[in-house]
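This is structure_13.cif (mmCIF, C-alpha atoms and all ligand atoms).
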data_data
#
loop_
_atom_site.group_PDB
_atom_site.id
_atom_site.type_symbol
_atom_site.label_atom_id
_atom_site.label_comp_id
_atom_site.auth_asym_id
_atom_site.auth_seq_id
_atom_site.Cartn_x
_atom_site.Cartn_y
_atom_site.Cartn_z
ATOM 1 C CA MET N 1 13.406 18.990 5.172
ATOM 2 C CA ARG N 2 12.862 16.880 2.089
ATOM 3 C CA PRO N 3 15.688 16.972 -0.487
ATOM 4 C CA HIS N 4 14.463 19.620 -2.970
ATOM 5 C CA ASP N 5 14.977 17.378 -6.016
ATOM 6 C CA ILE N 6 12.882 14.456 -4.685
ATOM 7 C CA LYS N 7 9.331 14.714 -5.998
ATOM 8 C CA THR N 8 8.282 11.204 -4.943
ATOM 9 C CA LYS N 9 6.495 11.119 -1.595
ATOM 10 C CA ILE N 10 8.220 8.956 0.991
ATOM 11 C CA PHE N 11 6.133 6.815 3.343
ATOM 12 C CA LEU N 12 7.175 4.486 6.158
ATOM 13 C CA ASP N 13 5.856 0.915 5.972
ATOM 14 C CA SER N 14 5.307 0.051 9.616
ATOM 15 C CA GLY N 15 2.798 -0.608 12.380
ATOM 16 C CA ASP N 16 4.975 1.042 15.005
ATOM 17 C CA PRO N 17 4.745 4.740 15.990
ATOM 18 C CA ASP N 18 8.234 4.547 17.544
ATOM 19 C CA GLU N 19 9.557 3.947 14.026
ATOM 20 C CA THR N 20 7.607 6.991 12.798
ATOM 21 C CA ARG N 21 9.471 9.104 15.357
ATOM 22 C CA GLN N 22 12.809 7.573 14.346
ATOM 23 C CA VAL N 23 12.213 8.386 10.672
ATOM 24 C CA LEU N 24 11.192 11.956 11.457
ATOM 25 C CA ASP N 25 14.492 12.335 13.341
ATOM 26 C CA LEU N 26 16.455 10.612 10.601
ATOM 27 C CA LEU N 27 15.036 12.300 7.501
ATOM 28 C CA GLY N 28 13.535 15.465 8.944
ATOM 29 C CA PHE N 29 10.349 14.759 6.984
ATOM 30 C CA LEU N 30 7.918 11.924 6.270
ATOM 31 C CA ASP N 31 4.960 12.129 3.896
ATOM 32 C CA GLY N 32 2.912 9.253 5.275
ATOM 33 C CA GLN N 33 2.767 5.729 6.614
ATOM 34 C CA THR N 34 1.254 2.454 5.485
ATOM 35 C CA THR N 35 0.072 -0.267 7.832
ATOM 36 C CA ASN N 36 -1.315 -3.734 7.173
ATOM 37 C CA PRO N 37 -2.741 -6.492 9.392
ATOM 38 C CA SER N 38 0.604 -8.337 9.605
ATOM 39 C CA LEU N 39 2.498 -5.208 10.684
ATOM 40 C CA ILE N 40 -0.114 -4.289 13.292
ATOM 41 C CA ALA N 41 -0.260 -7.880 14.568
ATOM 42 C CA LYS N 42 3.549 -7.803 14.945
ATOM 43 C CA LYS N 43 3.309 -4.659 17.063
ATOM 44 C CA LEU N 44 0.473 -6.007 19.232
ATOM 45 C CA THR N 45 1.895 -9.508 19.701
ATOM 46 C CA GLY N 46 3.100 -10.120 23.207
ATOM 47 C CA LYS N 47 1.088 -7.305 24.791
ATOM 48 C CA THR N 48 -1.517 -9.750 26.027
ATOM 49 C CA LYS N 49 -2.047 -13.382 25.140
ATOM 50 C CA LYS N 50 -5.272 -13.125 23.142
ATOM 51 C CA PHE N 51 -7.616 -10.317 22.189
ATOM 52 C CA THR N 52 -11.318 -10.077 21.508
ATOM 53 C CA ARG N 53 -12.171 -8.635 18.069
ATOM 54 C CA ASP N 54 -13.082 -5.311 19.686
ATOM 55 C CA GLU N 55 -9.820 -5.141 21.631
ATOM 56 C CA LEU N 56 -7.806 -5.875 18.521
ATOM 57 C CA LEU N 57 -9.574 -3.148 16.578
ATOM 58 C CA ALA N 58 -9.102 -0.743 19.496
ATOM 59 C CA GLY N 59 -5.369 -1.587 19.448
ATOM 60 C CA TYR N 60 -5.202 -0.826 15.718
ATOM 61 C CA LYS N 61 -7.106 2.442 16.228
ATOM 62 C CA HIS N 62 -4.748 3.509 19.005
ATOM 63 C CA ILE N 63 -1.652 2.902 16.838
ATOM 64 C CA VAL N 64 -3.145 4.702 13.838
ATOM 65 C CA GLN N 65 -4.173 7.704 15.930
ATOM 66 C CA GLU N 66 -0.686 8.007 17.373
ATOM 67 C CA VAL N 67 0.896 7.833 13.906
ATOM 68 C CA ALA N 68 -1.613 10.346 12.504
ATOM 69 C CA SER N 69 -0.803 12.799 15.293
ATOM 70 C CA LEU N 70 2.891 12.564 14.343
ATOM 71 C CA LEU N 71 2.097 13.087 10.641
ATOM 72 C CA PRO N 72 -0.739 15.642 10.642
ATOM 73 C CA GLN N 73 0.011 16.691 7.051
ATOM 74 C CA GLY N 74 0.619 13.140 5.833
ATOM 75 C CA SER N 75 -1.483 10.167 4.883
ATOM 76 C CA VAL N 76 -1.927 7.046 7.001
ATOM 77 C CA SER N 77 -3.144 3.836 5.332
ATOM 78 C CA ILE N 78 -5.422 1.582 7.381
ATOM 79 C CA GLU N 79 -6.390 -1.859 6.046
ATOM 80 C CA VAL N 80 -9.801 -3.503 6.374
ATOM 81 C CA TYR N 81 -9.965 -7.093 7.608
ATOM 82 C CA ALA N 82 -10.733 -9.318 4.643
ATOM 83 C CA ASP N 83 -10.684 -13.042 4.095
ATOM 84 C CA HIS N 84 -12.043 -14.826 1.037
ATOM 85 C CA GLN N 85 -15.576 -14.737 2.445
ATOM 86 C CA THR N 86 -15.694 -11.036 3.334
ATOM 87 C CA SER N 87 -18.311 -9.218 1.249
ATOM 88 C CA ALA N 88 -17.963 -5.802 -0.384
ATOM 89 C CA ASP N 89 -20.637 -4.397 1.940
ATOM 90 C CA GLU N 90 -18.762 -5.632 4.996
ATOM 91 C CA MET N 91 -15.481 -4.107 3.746
ATOM 92 C CA ALA N 92 -17.241 -0.793 3.074
ATOM 93 C CA ARG N 93 -18.749 -0.877 6.570
ATOM 94 C CA GLN N 94 -15.301 -1.338 8.126
ATOM 95 C CA ALA N 95 -13.903 1.390 5.870
ATOM 96 C CA ARG N 96 -16.452 3.940 7.122
ATOM 97 C CA GLU N 97 -15.586 3.110 10.724
ATOM 98 C CA MET N 98 -11.791 3.235 10.205
ATOM 99 C CA PHE N 99 -11.929 6.387 8.091
ATOM 100 C CA ALA N 100 -13.497 8.206 11.061
ATOM 101 C CA TRP N 101 -10.504 7.339 13.302
ATOM 102 C CA ILE N 102 -8.272 10.074 11.864
ATOM 103 C CA PRO N 103 -8.599 13.045 9.500
ATOM 104 C CA ASN N 104 -5.855 11.864 7.113
ATOM 105 C CA GLY N 105 -6.581 8.196 6.372
ATOM 106 C CA HIS N 106 -6.556 6.141 3.199
ATOM 107 C CA ILE N 107 -8.414 2.834 3.481
ATOM 108 C CA LYS N 108 -6.712 -0.237 2.069
ATOM 109 C CA PHE N 109 -8.873 -2.781 0.261
ATOM 110 C CA PRO N 110 -7.524 -5.954 -1.350
ATOM 111 C CA THR N 111 -7.559 -5.865 -5.154
ATOM 112 C CA THR N 112 -10.166 -8.588 -5.533
ATOM 113 C CA SER N 113 -13.690 -8.327 -6.972
ATOM 114 C CA ALA N 114 -15.144 -7.685 -3.505
ATOM 115 C CA GLY N 115 -12.388 -5.200 -2.636
ATOM 116 C CA LEU N 116 -12.878 -3.268 -5.876
ATOM 117 C CA ALA N 117 -16.655 -3.174 -5.392
ATOM 118 C CA ALA N 118 -16.119 -1.835 -1.854
ATOM 119 C CA ALA N 119 -13.650 0.777 -3.116
ATOM 120 C CA GLU N 120 -16.021 1.889 -5.855
ATOM 121 C CA MET N 121 -18.736 2.420 -3.208
ATOM 122 C CA PHE N 122 -16.391 4.130 -0.782
ATOM 123 C CA ILE N 123 -15.001 6.561 -3.378
ATOM 124 C CA LYS N 124 -18.553 7.565 -4.341
ATOM 125 C CA GLU N 125 -19.160 8.368 -0.657
ATOM 126 C CA GLY N 126 -16.123 10.696 -0.619
ATOM 127 C CA GLY N 127 -13.608 8.279 0.946
ATOM 128 C CA ARG N 128 -9.932 7.807 0.103
ATOM 129 C CA VAL N 129 -8.529 4.404 -0.836
ATOM 130 C CA ASN N 130 -5.284 2.500 -1.228
ATOM 131 C CA MET N 131 -5.782 -0.633 -3.338
ATOM 132 C CA THR N 132 -3.397 -3.243 -2.040
ATOM 133 C CA LEU N 133 -1.973 -6.639 -3.063
ATOM 134 C CA VAL N 134 -1.589 -5.637 -6.722
ATOM 135 C CA PHE N 135 0.549 -7.937 -8.864
ATOM 136 C CA SER N 136 -0.548 -7.333 -12.458
ATOM 137 C CA GLN N 137 -1.158 -4.622 -15.009
ATOM 138 C CA GLU N 138 -4.735 -5.911 -15.494
ATOM 139 C CA GLN N 139 -5.422 -5.362 -11.796
ATOM 140 C CA ALA N 140 -4.019 -1.837 -12.126
ATOM 141 C CA ALA N 141 -6.373 -1.160 -15.037
ATOM 142 C CA ALA N 142 -9.290 -2.440 -12.933
ATOM 143 C CA VAL N 143 -8.303 -0.119 -10.043
ATOM 144 C CA TYR N 144 -8.230 2.812 -12.460
ATOM 145 C CA ALA N 145 -11.655 1.980 -13.899
ATOM 146 C CA ALA N 146 -13.326 1.209 -10.539
ATOM 147 C CA THR N 147 -12.266 4.559 -9.057
ATOM 148 C CA LEU N 148 -12.932 6.756 -12.060
ATOM 149 C CA GLY N 149 -14.249 10.154 -11.017
ATOM 150 C CA ALA N 150 -12.093 10.318 -7.867
ATOM 151 C CA LYS N 151 -9.783 13.282 -7.521
ATOM 152 C CA LYS N 152 -5.987 12.995 -7.525
ATOM 153 C CA GLY N 153 -4.759 12.212 -4.029
ATOM 154 C CA ASP N 154 -7.786 10.090 -3.147
ATOM 155 C CA VAL N 155 -6.644 6.849 -4.805
ATOM 156 C CA PHE N 156 -3.373 4.997 -4.311
ATOM 157 C CA ILE N 157 -2.456 1.685 -5.889
ATOM 158 C CA SER N 158 0.067 -0.564 -4.143
ATOM 159 C CA PRO N 159 1.911 -3.002 -6.414
ATOM 160 C CA PHE N 160 3.983 -5.380 -4.252
ATOM 161 C CA ILE N 161 7.365 -5.610 -5.924
ATOM 162 C CA GLY N 162 9.257 -7.699 -3.357
ATOM 163 C CA ARG N 163 6.767 -10.555 -3.465
ATOM 164 C CA LEU N 164 7.108 -10.732 -7.276
ATOM 165 C CA ASP N 165 10.906 -10.715 -6.958
ATOM 166 C CA ASP N 166 10.596 -13.551 -4.436
ATOM 167 C CA ARG N 167 9.266 -15.801 -7.168
ATOM 168 C CA GLY N 168 11.721 -14.683 -9.830
ATOM 169 C CA GLU N 169 9.670 -11.986 -11.564
ATOM 170 C CA ASP N 170 11.024 -8.457 -11.775
ATOM 171 C CA GLY N 171 8.580 -6.450 -9.641
ATOM 172 C CA MET N 172 10.217 -3.226 -10.760
ATOM 173 C CA SER N 173 9.127 -3.892 -14.337
ATOM 174 C CA LEU N 174 5.505 -4.013 -13.172
ATOM 175 C CA ILE N 175 5.889 -0.511 -11.686
ATOM 176 C CA LYS N 176 7.320 0.694 -14.988
ATOM 177 C CA ASN N 177 4.434 -0.880 -16.919
ATOM 178 C CA ILE N 178 1.726 0.566 -14.673
ATOM 179 C CA ILE N 179 3.233 4.070 -14.846
ATOM 180 C CA GLU N 180 3.398 3.735 -18.634
ATOM 181 C CA MET N 181 -0.208 2.505 -18.917
ATOM 182 C CA TYR N 182 -1.514 5.248 -16.622
ATOM 183 C CA LYS N 183 -0.041 7.890 -18.966
ATOM 184 C CA THR N 184 -2.978 7.085 -21.229
ATOM 185 C CA GLY N 185 -5.428 8.051 -18.453
ATOM 186 C CA ASP N 186 -6.409 11.050 -16.354
ATOM 187 C CA SER N 187 -3.762 10.552 -13.603
ATOM 188 C CA HIS N 188 -6.292 10.161 -10.790
ATOM 189 C CA VAL N 189 -4.488 7.057 -9.412
ATOM 190 C CA GLU N 190 -1.138 7.509 -7.660
ATOM 191 C CA VAL N 191 1.350 4.650 -7.864
ATOM 192 C CA LEU N 192 2.645 3.679 -4.409
ATOM 193 C CA VAL N 193 5.546 1.229 -4.604
ATOM 194 C CA ALA N 194 5.099 -1.376 -1.841
ATOM 195 C CA SER N 195 6.909 -4.481 -0.607
ATOM 196 C CA VAL N 196 10.248 -2.705 -0.953
ATOM 197 C CA ARG N 197 13.131 -4.939 0.070
ATOM 198 C CA SER N 198 16.303 -3.084 -0.908
ATOM 199 C CA LEU N 199 17.863 0.326 -1.426
ATOM 200 C CA ASP N 200 17.993 -0.548 -5.107
ATOM 201 C CA HIS N 201 14.190 -0.949 -5.204
ATOM 202 C CA PHE N 202 13.968 2.434 -3.535
ATOM 203 C CA THR N 203 16.311 4.317 -5.868
ATOM 204 C CA GLN N 204 14.906 2.652 -8.989
ATOM 205 C CA SER N 205 11.418 3.773 -7.921
ATOM 206 C CA LEU N 206 12.708 7.338 -7.556
ATOM 207 C CA GLY N 207 14.212 7.033 -11.029
ATOM 208 C CA LEU N 208 10.895 5.897 -12.500
ATOM 209 C CA GLY N 209 9.146 8.880 -10.919
ATOM 210 C CA ALA N 210 6.741 6.787 -8.823
ATOM 211 C CA ASP N 211 4.278 9.010 -6.966
ATOM 212 C CA ILE N 212 4.958 7.374 -3.592
ATOM 213 C CA ILE N 213 7.319 4.770 -2.103
ATOM 214 C CA THR N 214 6.547 3.027 1.169
ATOM 215 C CA SER N 215 9.600 1.558 2.752
ATOM 216 C CA PRO N 216 10.612 -0.269 5.933
ATOM 217 C CA LEU N 217 12.726 1.682 8.429
ATOM 218 C CA LYS N 218 15.822 -0.358 7.556
ATOM 219 C CA ILE N 219 15.810 0.825 3.923
ATOM 220 C CA LEU N 220 15.144 4.434 4.905
ATOM 221 C CA LYS N 221 18.218 4.232 7.133
ATOM 222 C CA GLU N 222 20.266 2.922 4.205
ATOM 223 C CA TRP N 223 18.922 5.735 2.023
ATOM 224 C CA ALA N 224 19.948 8.346 4.631
ATOM 225 C CA ASP N 225 23.395 6.678 4.876
ATOM 226 C CA SER N 226 23.716 6.962 1.091
ATOM 227 C CA LYS N 227 23.142 10.744 1.450
ATOM 228 C CA PHE N 228 19.727 10.424 -0.191
ATOM 229 C CA SER N 229 21.088 8.861 -3.341
ATOM 230 C CA LYS N 230 18.940 8.784 -6.461
ATOM 231 C CA GLU N 231 21.297 6.460 -8.288
ATOM 232 C CA SER N 232 20.471 2.802 -8.666
ATOM 233 C CA ALA N 233 23.406 0.445 -8.201
ATOM 234 C CA GLY N 234 22.023 -1.402 -11.218
ATOM 235 C CA GLY N 235 23.767 -4.615 -12.060
ATOM 236 C CA GLY N 236 21.994 -7.458 -13.763
ATOM 237 C CA ASN N 237 19.596 -9.301 -11.555
ATOM 238 C CA LYS N 238 18.376 -12.677 -12.723
ATOM 239 C CA LEU N 239 14.743 -11.711 -12.484
ATOM 240 C CA GLN N 240 12.370 -12.183 -15.352
ATOM 241 C CA THR N 241 11.091 -8.926 -16.859
ATOM 242 C CA ILE N 242 7.302 -8.656 -16.905
ATOM 243 C CA PRO N 243 6.365 -7.596 -20.437
ATOM 244 C CA TYR N 244 4.240 -4.498 -21.070
ATOM 245 C CA GLN N 245 0.691 -5.222 -22.246
ATOM 246 C CA GLU N 246 -1.447 -2.888 -24.333
ATOM 247 C CA ILE N 247 -4.511 -2.568 -22.104
ATOM 248 C CA SER N 248 -7.258 -0.018 -22.600
ATOM 249 C CA LEU N 249 -8.293 1.864 -19.462
ATOM 250 C CA GLU N 250 -11.762 2.422 -20.860
ATOM 251 C CA LYS N 251 -13.441 -0.871 -20.001
ATOM 252 C CA ASN N 252 -15.852 -1.505 -17.142
ATOM 253 C CA TRP N 253 -13.690 -2.738 -14.234
ATOM 254 C CA HIS N 254 -15.534 -6.075 -14.049
ATOM 255 C CA ASN N 255 -14.159 -6.902 -17.507
ATOM 256 C CA TYR N 256 -10.489 -7.009 -16.495
ATOM 257 C CA ILE N 257 -8.719 -10.111 -15.179
ATOM 258 C CA ILE N 258 -8.747 -9.300 -11.491
ATOM 259 C CA THR N 259 -7.534 -12.529 -9.951
ATOM 260 C CA HIS N 260 -3.864 -13.167 -9.280
ATOM 261 C CA GLU N 261 -2.540 -16.093 -7.237
ATOM 262 C CA LEU N 262 -0.304 -13.828 -5.124
ATOM 263 C CA THR N 263 -3.342 -11.693 -4.233
ATOM 264 C CA THR N 264 -5.190 -14.827 -3.126
ATOM 265 C CA VAL N 265 -2.240 -15.950 -0.987
ATOM 266 C CA GLY N 266 -1.732 -12.409 0.344
ATOM 267 C CA VAL N 267 -5.353 -12.010 1.489
ATOM 268 C CA GLN N 268 -5.091 -15.315 3.358
ATOM 269 C CA LYS N 269 -1.811 -14.367 5.025
ATOM 270 C CA PHE N 270 -3.134 -11.008 6.284
ATOM 271 C CA ALA N 271 -6.269 -12.726 7.631
ATOM 272 C CA ASP N 272 -4.219 -15.509 9.288
ATOM 273 C CA ASP N 273 -1.815 -13.070 10.976
ATOM 274 C CA TRP N 274 -4.794 -11.131 12.353
ATOM 275 C CA ASN N 275 -6.738 -14.204 13.463
ATOM 276 C CA LYS N 276 -3.734 -15.605 15.341
ATOM 277 C CA LEU N 277 -4.219 -12.849 17.913
ATOM 278 C CA LEU N 278 -7.858 -13.708 18.565
HETATM 279 C C1 LIG G 301 2.447 -1.885 2.295
HETATM 280 O O1 LIG G 301 1.533 -1.169 1.946
HETATM 281 C C2 LIG G 301 2.456 -3.330 2.095
HETATM 282 O O2 LIG G 301 1.449 -3.924 2.861
HETATM 283 C C3 LIG G 301 3.826 -3.872 2.424
HETATM 284 O O3 LIG G 301 4.774 -3.094 1.750
HETATM 285 C C4 LIG G 301 3.996 -5.354 2.117
HETATM 286 O O4 LIG G 301 5.339 -5.714 2.275
HETATM 287 P P1 LIG G 301 5.858 -7.250 2.326
HETATM 288 O O5 LIG G 301 5.636 -7.855 0.990
HETATM 289 O O6 LIG G 301 7.306 -7.140 2.679
HETATM 290 O O7 LIG G 301 5.037 -7.927 3.386
#

Can the structure from this file be put into structure tokens for me?
Ligand code: E4P
Amino acid sequence: MRPHDIKTKIFLDSGDPDETRQVLDLLGFLDGQTTNPSLIAKKLTGKTKKFTRDELLAGYKHIVQEVASLLPQGSVSIEVYADHQTSADEMARQAREMFAWIPNGHIKFPTTSAGLAAAEMFIKEGGRVNMTLVFSQEQAAAVYAATLGAKKGDVFISPFIGRLDDRGEDGMSLIKNIIEMYKTGDSHVEVLVASVRSLDHFTQSLGLGADIITSPLKILKEWADSKFSKESAGGGNKLQTIPYQEISLEKNWHNYIITHELTTVGVQKFADDWNKLL
């Protein structure tokens, strides 16, 4: 049973159904799970030396279907394969195929021009999306504008806080800024805190009232050990606060600054981890 005072949905960040089972035992509830190409590749590595593209996709489908059967009321995020050459049409094609795997999927697209164009198409067709590799408030504004008209629950945005922390920027301040900016909109985008590295990230996200947190098993164990604490340990970190920007949500999404160097690096890393298995 979820603690009655926790409104934020709790997801597991993992490509492993065994971990889904462990979390269900540990917490007694789980609202969803996020996967990505690196997490799935980690799970599939070692099974066989190399895969064909079809075998790899079948492996992903198998994992996702097992997780979805464990979380019939939850959401399971499935990520399209994208490198820097992948077109919007190709991402949308993959999305249609993956969306049919399970009844409760959200399709992850990278927050690039092609990814946003694919998401815009897919939302218009009645799909659900999770826009991933978000590192800036401008990108969050573009996600909002590209998915306008979608209903609440159909669009998640995944800002990656740990990867910002890794380079000295306070990822948590980006979450705060996006939540603040979205107050000026219609609330159709849910903020899903991703790239969580510590219990402090987790409890701070609860404190900010994030819609969703996705967290590795290790942190969920620490949270259970803390008796489901909502208190952040606080304490000054040396990270640089990302300042809030006044950004209107009313522009056409093409008119926001969509590129971010960490998104570029992140797309490449997901593609490389996937291609290593081929
Ligand atoms: C989940 O949706 C993200 O893909 C994941 O949290 C990324 O985490 P990482 O930055 O630790 O790889």

Taking all atoms listed in the file into account, which residues have an atom no farther than 10 Å from ligand LIG 301 (chain G)? I'd like them as a ChimeraX atom specification. /N:11-14,33-39,77-79,108,130-134,157-166,192-197,213-216,266,269-270

Rounded to one decimal, what separation in Å do you get between atom CA of Asp200 of chain N and atom CA of Ser232 of chain N? 5.5 Å

The PyMOL selection byres (((chain N and resi 111) around 9) and not hetatm) on the file shown: which residues, as JSON, numbers by chain? {"N": [109, 110, 112, 113, 114, 115, 116, 131, 132, 133, 134, 139, 140, 142, 143, 258, 259, 263]}

Explicit residues for the PyMOL selection byres (((chain N and resi 106) around 8) and not hetatm) (as a short mmCIF file (atom, residue, chain, number, x, y, z; two decimals) with C-alpha atoms, keeping the file's coordinate frame):
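Saved result, part_10.cif, follows:
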data_model
loop_
_atom_site.label_atom_id
_atom_site.label_comp_id
_atom_site.auth_asym_id
_atom_site.auth_seq_id
_atom_site.Cartn_x
_atom_site.Cartn_y
_atom_site.Cartn_z
CA SER N 75 -1.48 10.17 4.88
CA VAL N 76 -1.93 7.05 7.00
CA SER N 77 -3.14 3.84 5.33
CA ILE N 78 -5.42 1.58 7.38
CA PHE N 99 -11.93 6.39 8.09
CA ASN N 104 -5.86 11.86 7.11
CA GLY N 105 -6.58 8.20 6.37
CA ILE N 107 -8.41 2.83 3.48
CA LYS N 108 -6.71 -0.24 2.07
CA GLY N 127 -13.61 8.28 0.95
CA ARG N 128 -9.93 7.81 0.10
CA VAL N 129 -8.53 4.40 -0.84
CA ASN N 130 -5.28 2.50 -1.23
CA ASP N 154 -7.79 10.09 -3.15
#

Applying the PyMOL selection byres (((chain N and resi 65-70) around 7) and not hetatm) to the file I just gave you, which residues come out? Please list them as a PyMOL selection string. chain N and resi 17+20+61-64+71-72+76+101-102

How about completing segment 201-209 of chain N with all heavy atoms and giving it to me as a compact mmCIF listing (two decimals), in the coordinates of the input?
# COMPACT_ATOMS: atom_id res chain seq x y z
N HIS N 201 15.62 -1.14 -4.91
CA HIS N 201 14.19 -0.95 -5.20
C HIS N 201 13.82 0.52 -5.01
O HIS N 201 13.10 1.11 -5.81
CB HIS N 201 13.33 -1.76 -4.21
CG HIS N 201 13.14 -3.20 -4.57
ND1 HIS N 201 12.79 -4.15 -3.64
CD2 HIS N 201 13.21 -3.86 -5.77
CE1 HIS N 201 12.66 -5.33 -4.23
NE2 HIS N 201 12.92 -5.17 -5.52
N PHE N 202 14.32 1.06 -3.92
CA PHE N 202 13.97 2.43 -3.54
C PHE N 202 14.47 3.43 -4.59
O PHE N 202 13.70 4.26 -5.10
CB PHE N 202 14.59 2.72 -2.15
CG PHE N 202 14.11 3.99 -1.52
CD1 PHE N 202 13.07 3.97 -0.61
CD2 PHE N 202 14.70 5.20 -1.83
CE1 PHE N 202 12.62 5.16 -0.01
CE2 PHE N 202 14.26 6.38 -1.24
CZ PHE N 202 13.22 6.36 -0.33
N THR N 203 15.75 3.32 -4.94
CA THR N 203 16.31 4.32 -5.87
C THR N 203 15.76 4.11 -7.28
O THR N 203 15.53 5.08 -8.01
CB THR N 203 17.86 4.25 -5.88
OG1 THR N 203 18.26 2.89 -6.07
CG2 THR N 203 18.44 4.78 -4.59
N GLN N 204 15.50 2.88 -7.66
CA GLN N 204 14.91 2.65 -8.99
C GLN N 204 13.51 3.27 -9.05
O GLN N 204 13.11 3.81 -10.08
CB GLN N 204 14.79 1.16 -9.28
CG GLN N 204 16.12 0.52 -9.69
CD GLN N 204 15.86 -0.85 -10.32
OE1 GLN N 204 15.16 -0.98 -11.30
NE2 GLN N 204 16.43 -1.88 -9.73
N SER N 205 12.77 3.19 -7.96
CA SER N 205 11.42 3.77 -7.92
C SER N 205 11.49 5.29 -8.04
O SER N 205 10.66 5.91 -8.72
CB SER N 205 10.70 3.40 -6.63
OG SER N 205 10.63 2.00 -6.50
N LEU N 206 12.50 5.89 -7.40
CA LEU N 206 12.71 7.34 -7.56
C LEU N 206 12.99 7.65 -9.02
O LEU N 206 12.42 8.59 -9.59
CB LEU N 206 13.90 7.83 -6.72
CG LEU N 206 13.78 7.82 -5.20
CD1 LEU N 206 15.09 8.28 -4.56
CD2 LEU N 206 12.64 8.73 -4.74
N GLY N 207 13.84 6.84 -9.63
CA GLY N 207 14.21 7.03 -11.03
C GLY N 207 13.03 6.93 -11.97
O GLY N 207 12.96 7.63 -12.99
N LEU N 208 12.08 6.06 -11.64
CA LEU N 208 10.90 5.90 -12.50
C LEU N 208 9.86 6.99 -12.25
O LEU N 208 8.85 7.08 -12.96
CB LEU N 208 10.24 4.53 -12.24
CG LEU N 208 10.98 3.31 -12.76
CD1 LEU N 208 10.28 2.03 -12.30
CD2 LEU N 208 11.06 3.33 -14.28
N GLY N 209 10.10 7.81 -11.23
CA GLY N 209 9.15 8.88 -10.92
C GLY N 209 7.86 8.36 -10.32
O GLY N 209 6.78 8.94 -10.54
